[in-house]
$ cat work-v3.tsv   # TSV, C-alpha atoms
chain	number	residue	atom	x	y	z
A	14	MET	CA	-1.09	40.19	15.93
A	15	LEU	CA	0.62	36.94	14.92
A	16	LEU	CA	4.33	37.01	14.15
A	17	SER	CA	3.61	35.89	10.60
A	18	GLU	CA	1.29	38.90	10.16
A	19	GLN	CA	3.77	41.53	11.35
A	20	ALA	CA	5.10	43.75	8.63
A	21	GLY	CA	8.46	42.66	7.32
A	22	GLN	CA	8.52	39.49	9.41
A	23	PRO	CA	8.76	36.10	7.63
A	24	ALA	CA	6.36	33.37	8.69
A	25	ALA	CA	7.85	31.02	11.27
A	26	THR	CA	8.99	27.61	10.04
A	27	LYS	CA	7.10	24.80	11.72
A	28	ILE	CA	9.27	22.55	13.86
A	29	GLN	CA	9.27	18.92	12.80
A	30	ARG	CA	8.19	16.74	15.71
A	31	PRO	CA	9.16	13.11	16.20
A	32	ALA	CA	6.53	10.44	15.61
A	33	THR	CA	4.38	9.68	18.63
A	34	LEU	CA	4.20	6.18	20.04
A	35	ARG	CA	0.70	5.79	18.60
A	36	GLU	CA	1.92	6.80	15.13
A	37	SER	CA	4.77	4.29	15.38
A	38	VAL	CA	2.33	1.55	16.42
A	39	ILE	CA	0.00	2.44	13.53
A	40	GLU	CA	2.92	2.22	11.11
A	41	ALA	CA	4.00	-1.14	12.54
A	42	ILE	CA	0.51	-2.68	12.36
A	43	GLN	CA	0.02	-1.42	8.80
A	44	GLU	CA	3.30	-3.04	7.80
A	45	LEU	CA	2.28	-6.33	9.40
A	46	ILE	CA	-0.95	-6.22	7.38
A	47	VAL	CA	0.70	-5.21	4.11
A	48	SER	CA	3.40	-7.88	4.42
A	49	GLY	CA	0.77	-10.56	5.06
A	50	GLN	CA	1.93	-11.38	8.59
A	51	LEU	CA	-1.56	-10.34	9.67
A	52	LYS	CA	-4.07	-11.91	7.30
A	53	PRO	CA	-7.39	-10.43	6.08
A	54	GLY	CA	-10.09	-11.39	8.56
A	55	GLN	CA	-7.60	-12.23	11.32
A	56	HIS	CA	-8.63	-11.39	14.87
A	57	LEU	CA	-6.40	-8.70	16.38
A	58	VAL	CA	-5.90	-9.24	20.08
A	59	GLU	CA	-4.65	-6.12	21.82
A	60	SER	CA	-2.53	-7.96	24.38
A	61	GLU	CA	-0.83	-10.07	21.69
A	62	LEU	CA	-0.06	-7.04	19.52
A	63	ALA	CA	1.24	-5.17	22.55
A	64	ASP	CA	3.61	-8.03	23.38
A	65	LEU	CA	4.71	-8.33	19.76
A	66	LEU	CA	5.47	-4.61	19.46
A	67	GLY	CA	6.86	-4.20	22.95
A	68	VAL	CA	4.35	-1.55	24.05
A	69	SER	CA	1.40	-1.27	26.42
A	70	ARG	CA	-2.16	-2.00	25.31
A	71	GLN	CA	-3.23	1.66	25.30
A	72	PRO	CA	-1.32	2.78	22.16
A	73	VAL	CA	-2.41	-0.44	20.45
A	74	ARG	CA	-6.05	0.32	21.27
A	75	GLU	CA	-5.66	3.88	19.97
A	76	ALA	CA	-3.93	2.64	16.82
A	77	LEU	CA	-6.69	0.12	16.07
A	78	GLN	CA	-9.28	2.87	16.44
A	79	GLN	CA	-7.50	5.05	13.88
A	80	LEU	CA	-6.80	2.16	11.52
A	81	SER	CA	-10.50	1.36	11.64
A	82	GLY	CA	-11.29	4.85	10.38
A	83	GLU	CA	-8.77	4.42	7.56
A	84	GLY	CA	-10.16	1.08	6.38
A	85	TRP	CA	-7.35	-1.21	7.55
A	86	VAL	CA	-9.19	-2.71	10.51
A	87	ASP	CA	-12.83	-3.58	11.23
A	88	LEU	CA	-14.18	-3.18	14.75
A	89	HIS	CA	-17.10	-5.44	15.72
A	90	PRO	CA	-18.93	-4.72	19.00
A	91	GLY	CA	-18.61	-7.65	21.34
A	92	GLN	CA	-16.02	-9.30	19.09
A	93	GLY	CA	-13.04	-6.95	18.88
A	94	ALA	CA	-10.83	-5.90	15.99
A	95	PHE	CA	-10.21	-7.80	12.76
A	96	VAL	CA	-7.97	-7.14	9.77
A	97	HIS	CA	-10.17	-5.66	7.07
A	98	VAL	CA	-11.07	-7.96	4.19
A	99	PRO	CA	-11.01	-5.75	1.07
A	100	THR	CA	-14.03	-6.20	-1.12
A	101	VAL	CA	-13.51	-6.88	-4.81
A	102	GLU	CA	-15.11	-3.51	-5.56
A	103	GLU	CA	-12.71	-1.67	-3.22
A	104	ALA	CA	-9.68	-3.30	-4.81
A	105	ASP	CA	-10.93	-2.72	-8.34
A	106	GLN	CA	-11.55	0.97	-7.68
A	107	LEU	CA	-8.19	1.57	-6.03
A	108	LEU	CA	-6.23	-0.32	-8.69
A	109	ALA	CA	-8.08	1.62	-11.39
A	110	VAL	CA	-7.06	4.92	-9.77
A	111	ARG	CA	-3.52	3.65	-9.42
A	112	ALA	CA	-3.43	2.86	-13.15
A	113	LEU	CA	-4.46	6.43	-14.04
A	114	LEU	CA	-1.89	8.02	-11.72
A	115	GLU	CA	1.02	5.79	-12.70
A	116	THR	CA	0.29	5.93	-16.42
A	117	GLU	CA	0.67	9.70	-16.25
A	118	SER	CA	3.78	9.29	-14.08
A	119	ALA	CA	5.39	7.10	-16.73
A	120	ARG	CA	4.54	9.57	-19.51
A	121	LEU	CA	6.05	12.49	-17.60
A	122	ALA	CA	9.10	10.44	-16.58
A	123	ALA	CA	9.81	9.83	-20.28
A	124	GLN	CA	9.29	13.53	-20.95
A	125	ASN	CA	11.78	14.49	-18.24
A	126	VAL	CA	14.21	11.62	-18.79
A	127	SER	CA	17.67	11.86	-17.23
A	128	GLU	CA	20.67	9.57	-17.40
A	129	ASP	CA	20.84	9.31	-13.60
A	130	GLY	CA	17.14	8.49	-13.33
A	131	VAL	CA	17.40	5.67	-15.86
A	132	LYS	CA	20.48	4.31	-14.08
A	133	ARG	CA	18.58	4.18	-10.78
A	134	LEU	CA	15.59	2.49	-12.41
A	135	ARG	CA	17.79	-0.18	-13.97
A	136	ALA	CA	19.50	-0.83	-10.63
A	137	LEU	CA	16.11	-1.39	-8.97
A	138	CYS	CA	15.00	-3.61	-11.84
A	139	ALA	CA	18.13	-5.76	-11.44
A	140	ARG	CA	17.37	-6.10	-7.71
A	141	GLY	CA	13.81	-7.13	-8.47
A	142	ILE	CA	14.87	-9.76	-10.98
A	143	ALA	CA	17.36	-11.18	-8.48
A	144	ALA	CA	14.60	-11.34	-5.85
A	145	VAL	CA	12.31	-13.26	-8.20
A	146	GLU	CA	15.10	-15.66	-9.15
A	147	SER	CA	15.74	-16.40	-5.46
A	148	ASP	CA	11.97	-16.63	-4.76
A	149	ASP	CA	12.19	-13.79	-2.24
A	150	VAL	CA	8.63	-12.49	-2.54
A	151	GLU	CA	9.00	-9.92	0.22
A	152	ALA	CA	12.06	-8.35	-1.43
A	153	ALA	CA	10.40	-8.46	-4.86
A	154	VAL	CA	7.30	-6.64	-3.56
A	155	ALA	CA	9.37	-4.02	-1.73
A	156	THR	CA	11.57	-3.40	-4.78
A	157	ASN	CA	8.52	-3.20	-7.01
A	158	SER	CA	7.14	-0.44	-4.79
A	159	GLU	CA	10.47	1.41	-4.87
A	160	LEU	CA	10.61	1.25	-8.66
A	161	HIS	CA	7.09	2.58	-9.11
A	162	ALA	CA	7.74	5.33	-6.56
A	163	LEU	CA	10.90	6.33	-8.44
A	164	VAL	CA	9.02	6.53	-11.76
A	165	THR	CA	6.55	8.89	-10.09
A	166	ALA	CA	9.37	10.94	-8.55
A	167	LEU	CA	11.04	11.22	-11.97
A	168	SER	CA	7.79	12.63	-13.38
A	169	GLY	CA	8.68	15.91	-11.66
A	170	ASN	CA	5.05	16.47	-10.64
A	171	ARG	CA	4.84	16.84	-6.85
A	172	VAL	CA	1.05	16.74	-6.69
A	173	LEU	CA	1.04	13.52	-8.69
A	174	ALA	CA	3.70	12.08	-6.37
A	175	GLU	CA	1.64	12.96	-3.28
A	176	LEU	CA	-1.53	11.41	-4.67
A	177	THR	CA	0.30	8.26	-5.75
A	178	ALA	CA	1.93	7.92	-2.32
A	179	GLN	CA	-1.51	7.96	-0.70
A	180	VAL	CA	-2.49	4.73	-2.44
A	181	ALA	CA	0.95	3.09	-2.65
A	182	ARG	CA	0.82	1.16	0.64
A	183	ARG	CA	-2.61	-0.31	-0.07
A	184	VAL	CA	-1.48	-1.20	-3.58
A	185	ARG	CA	1.44	-3.10	-2.03
A	186	TRP	CA	-1.08	-4.94	0.19
A	187	TYR	CA	-3.01	-6.03	-2.90
A	188	HIS	CA	0.14	-6.84	-4.87
A	189	THR	CA	1.75	-9.12	-2.27
A	190	PRO	CA	-0.64	-12.09	-2.76
A	191	VAL	CA	-0.08	-12.12	-6.53
A	192	ALA	CA	3.64	-11.26	-6.67
A	193	ARG	CA	4.71	-14.88	-7.12
A	194	ARG	CA	2.11	-15.43	-9.82
A	195	ARG	CA	3.24	-12.33	-11.72
A	196	GLY	CA	6.84	-13.46	-11.29
A	197	MET	CA	9.38	-12.59	-13.96
A	198	ALA	CA	6.72	-11.28	-16.36
A	199	SER	CA	6.30	-8.22	-14.15
A	200	TRP	CA	10.00	-7.43	-14.33
A	201	GLU	CA	10.12	-7.95	-18.09
A	202	GLU	CA	7.40	-5.30	-18.27
A	203	HIS	CA	9.47	-3.06	-16.00
A	204	THR	CA	12.44	-3.50	-18.33
A	205	SER	CA	10.35	-2.48	-21.35
A	206	LEU	CA	9.04	0.51	-19.41
A	207	ILE	CA	12.54	1.68	-18.56
A	208	ASP	CA	13.58	1.29	-22.20
A	209	ALA	CA	10.69	3.54	-23.24
A	210	ILE	CA	11.53	6.12	-20.58
A	211	GLU	CA	15.19	6.13	-21.62
A	212	ALA	CA	14.16	6.67	-25.24
A	213	GLY	CA	11.96	9.59	-24.20
A	214	ASP	CA	8.97	7.87	-25.80
A	215	GLU	CA	6.08	9.27	-23.76
A	216	ARG	CA	3.30	7.39	-25.52
A	217	ARG	CA	5.03	4.01	-25.33
A	218	ALA	CA	5.95	4.50	-21.66
A	219	ALA	CA	2.34	5.40	-20.83
A	220	ARG	CA	0.99	2.40	-22.76
A	221	ILE	CA	3.38	-0.05	-21.11
A	222	MET	CA	2.57	1.26	-17.63
A	223	ARG	CA	-1.17	1.13	-18.32
A	224	GLU	CA	-0.91	-2.49	-19.49
A	225	HIS	CA	1.43	-3.36	-16.61
A	226	THR	CA	-0.94	-2.07	-13.93
A	227	GLU	CA	-3.87	-3.79	-15.67
A	228	HIS	CA	-2.02	-7.12	-15.53
A	229	THR	CA	-1.59	-6.72	-11.76
A	230	ARG	CA	-5.26	-5.80	-11.36
A	231	ALA	CA	-6.36	-8.82	-13.40
A	232	SER	CA	-4.10	-11.15	-11.38
A	233	TYR	CA	-5.52	-9.85	-8.12
A	234	MET	CA	-9.09	-10.30	-9.31
A	235	ALA	CA	-8.36	-13.84	-10.50
A	236	GLN	CA	-6.81	-14.63	-7.12
A	237	ARG	CA	-9.88	-13.29	-5.27
A	238	GLU	CA	-12.23	-15.43	-7.36
A	239	LYS	CA	-10.49	-18.56	-6.06
A	240	GLU	CA	-10.72	-17.53	-2.42
A	241	PRO	CA	-13.60	-18.70	-0.20
A	242	VAL	CA	-15.93	-15.98	1.00
A	243	GLN	CA	-14.84	-14.68	4.41
A	244	PRO	CA	-17.78	-14.85	6.83
A	245	ALA	CA	-18.31	-11.89	9.13
A	246	PRO	CA	-17.66	-12.57	12.83
A	247	ARG	CA	-20.76	-13.76	14.61
A	248	PRO	CA	-22.06	-11.50	17.37
A	249	VAL	CA	-21.76	-12.81	20.90
A	250	ARG	CA	-25.09	-13.65	22.46
A	251	ARG	CA	-25.05	-12.68	26.08
A	252	ARG	CA	-26.76	-15.09	28.42
A	253	ARG	CA	-29.71	-13.75	30.30
A	254	ARG	CA	-29.52	-13.88	34.05
A	255	THR	CA	-32.04	-16.24	35.57
A	256	ALA	CA	-33.73	-15.62	38.86
A	257	GLY	CA	-32.57	-17.58	41.83

$ encode --input "work-v3.tsv" --output "structure tokens"
Amino acid sequence: MLLSEQAGQPAATKIQRPATLRESVIEAIQELIVSGQLKPGQHLVESELADLLGVSRQPVREALQQLSGEGWVDLHPGQGAFVHVPTVEEADQLLAVRALLETESARLAAQNVSEDGVKRLRALCARGIAAVESDDVEAAVATNSELHALVTALSGNRVLAELTAQVARRVRWYHTPVARRRGMASWEEHTSLIDAIEAGDERRAARIMREHTEHTRASYMAQREKEPVQPAPRPVRRRRRTAG
């Protein structure tokens, strides 16, 4: 009989284990992709990534395999690994789901408004505005993610927070290319959102968030329309051995 099944015995608490080297490498490669240091369609050379991350090629190879299964990397036989190029349909679907989740987050945040929560939101908003004014796109994108995550946390709905977190990193990947275009307008929308949350106005907070996420989606789609189509890597044709 298991310990957890013995009468009067509480179930054992699972011990938290440190991240494995492979998990750390996966995290690092994802961050390089999200930040734009690795571009969509870029060839990923195992030896170069290993040198960059200060690890051997084996954990890099394992990481690329897993990232392929999660849609971050494409593996082409005979060619190697490439950063995935999101299709317009993929981006549209994910950003649509994000809009639904975050609209509800904003509504619940207004319902559960607290003075401390509003204070933290305004501090993040001030950081974001400062980043835009100094043209620090990386800081603006990171702060934007923090602000949206805080709104979801303030909703008080753990399931909603977990679902939103699942798409947050990919949303940041899509947001980075359009952050400069959105510029100060995005943070003006954030300011209006915080005002609605502080006032406890659920309907206004939900409407502002819905419109805000739609503006980001529209900017991303407009950006994609201007980009040239990325050709798929050509397969390598192996030379036939000739007699003699």

$ closest_residue --input "work-v3.tsv" --among "A:Leu173, A:Arg35, A:Glu215, A:Leu66" --to "Leu113 (chain A)" --atoms "only C-alpha atoms"
A:Leu173

$ residues_near_point --input "work-v3.tsv" --point "(15.2, 8.7, -8.9)" --cutoff "9 Å" --atoms "all atoms listed in the file" --output "PyMOL selection string"
chain A and resi 129-134+160+162-167

$ closest_residue --input "work-v3.tsv" --among "A:Cys138, A:Ala235, A:Leu88, A:Val58" --to "Ala155 (chain A)" --atoms "only C-alpha atoms"
A:Cys138

$ atom_distance --input "work-v3.tsv" --atom1 "CA of Leu121 (chain A)" --atom2 "CA of Ala174 (chain A)"
11.5 Å

$ residues_around --input "work-v3.tsv" --residues "Ser81 (chain A)" --least-positions-apart "3" --cutoff "12 Å" --atoms "only C-alpha atoms" --output "JSON, numbers by chain"
{"A": [39, 42, 43, 57, 74, 75, 76, 77, 78, 84, 85, 86, 87, 88, 89, 93, 94, 95, 96, 97, 98]}

$ closest_residue --input "work-v3.tsv" --among "A:Gln179, A:Thr100, A:Ser168, A:Ser37" --to "Ala123 (chain A)" --atoms "only C-alpha atoms"
A:Ser168
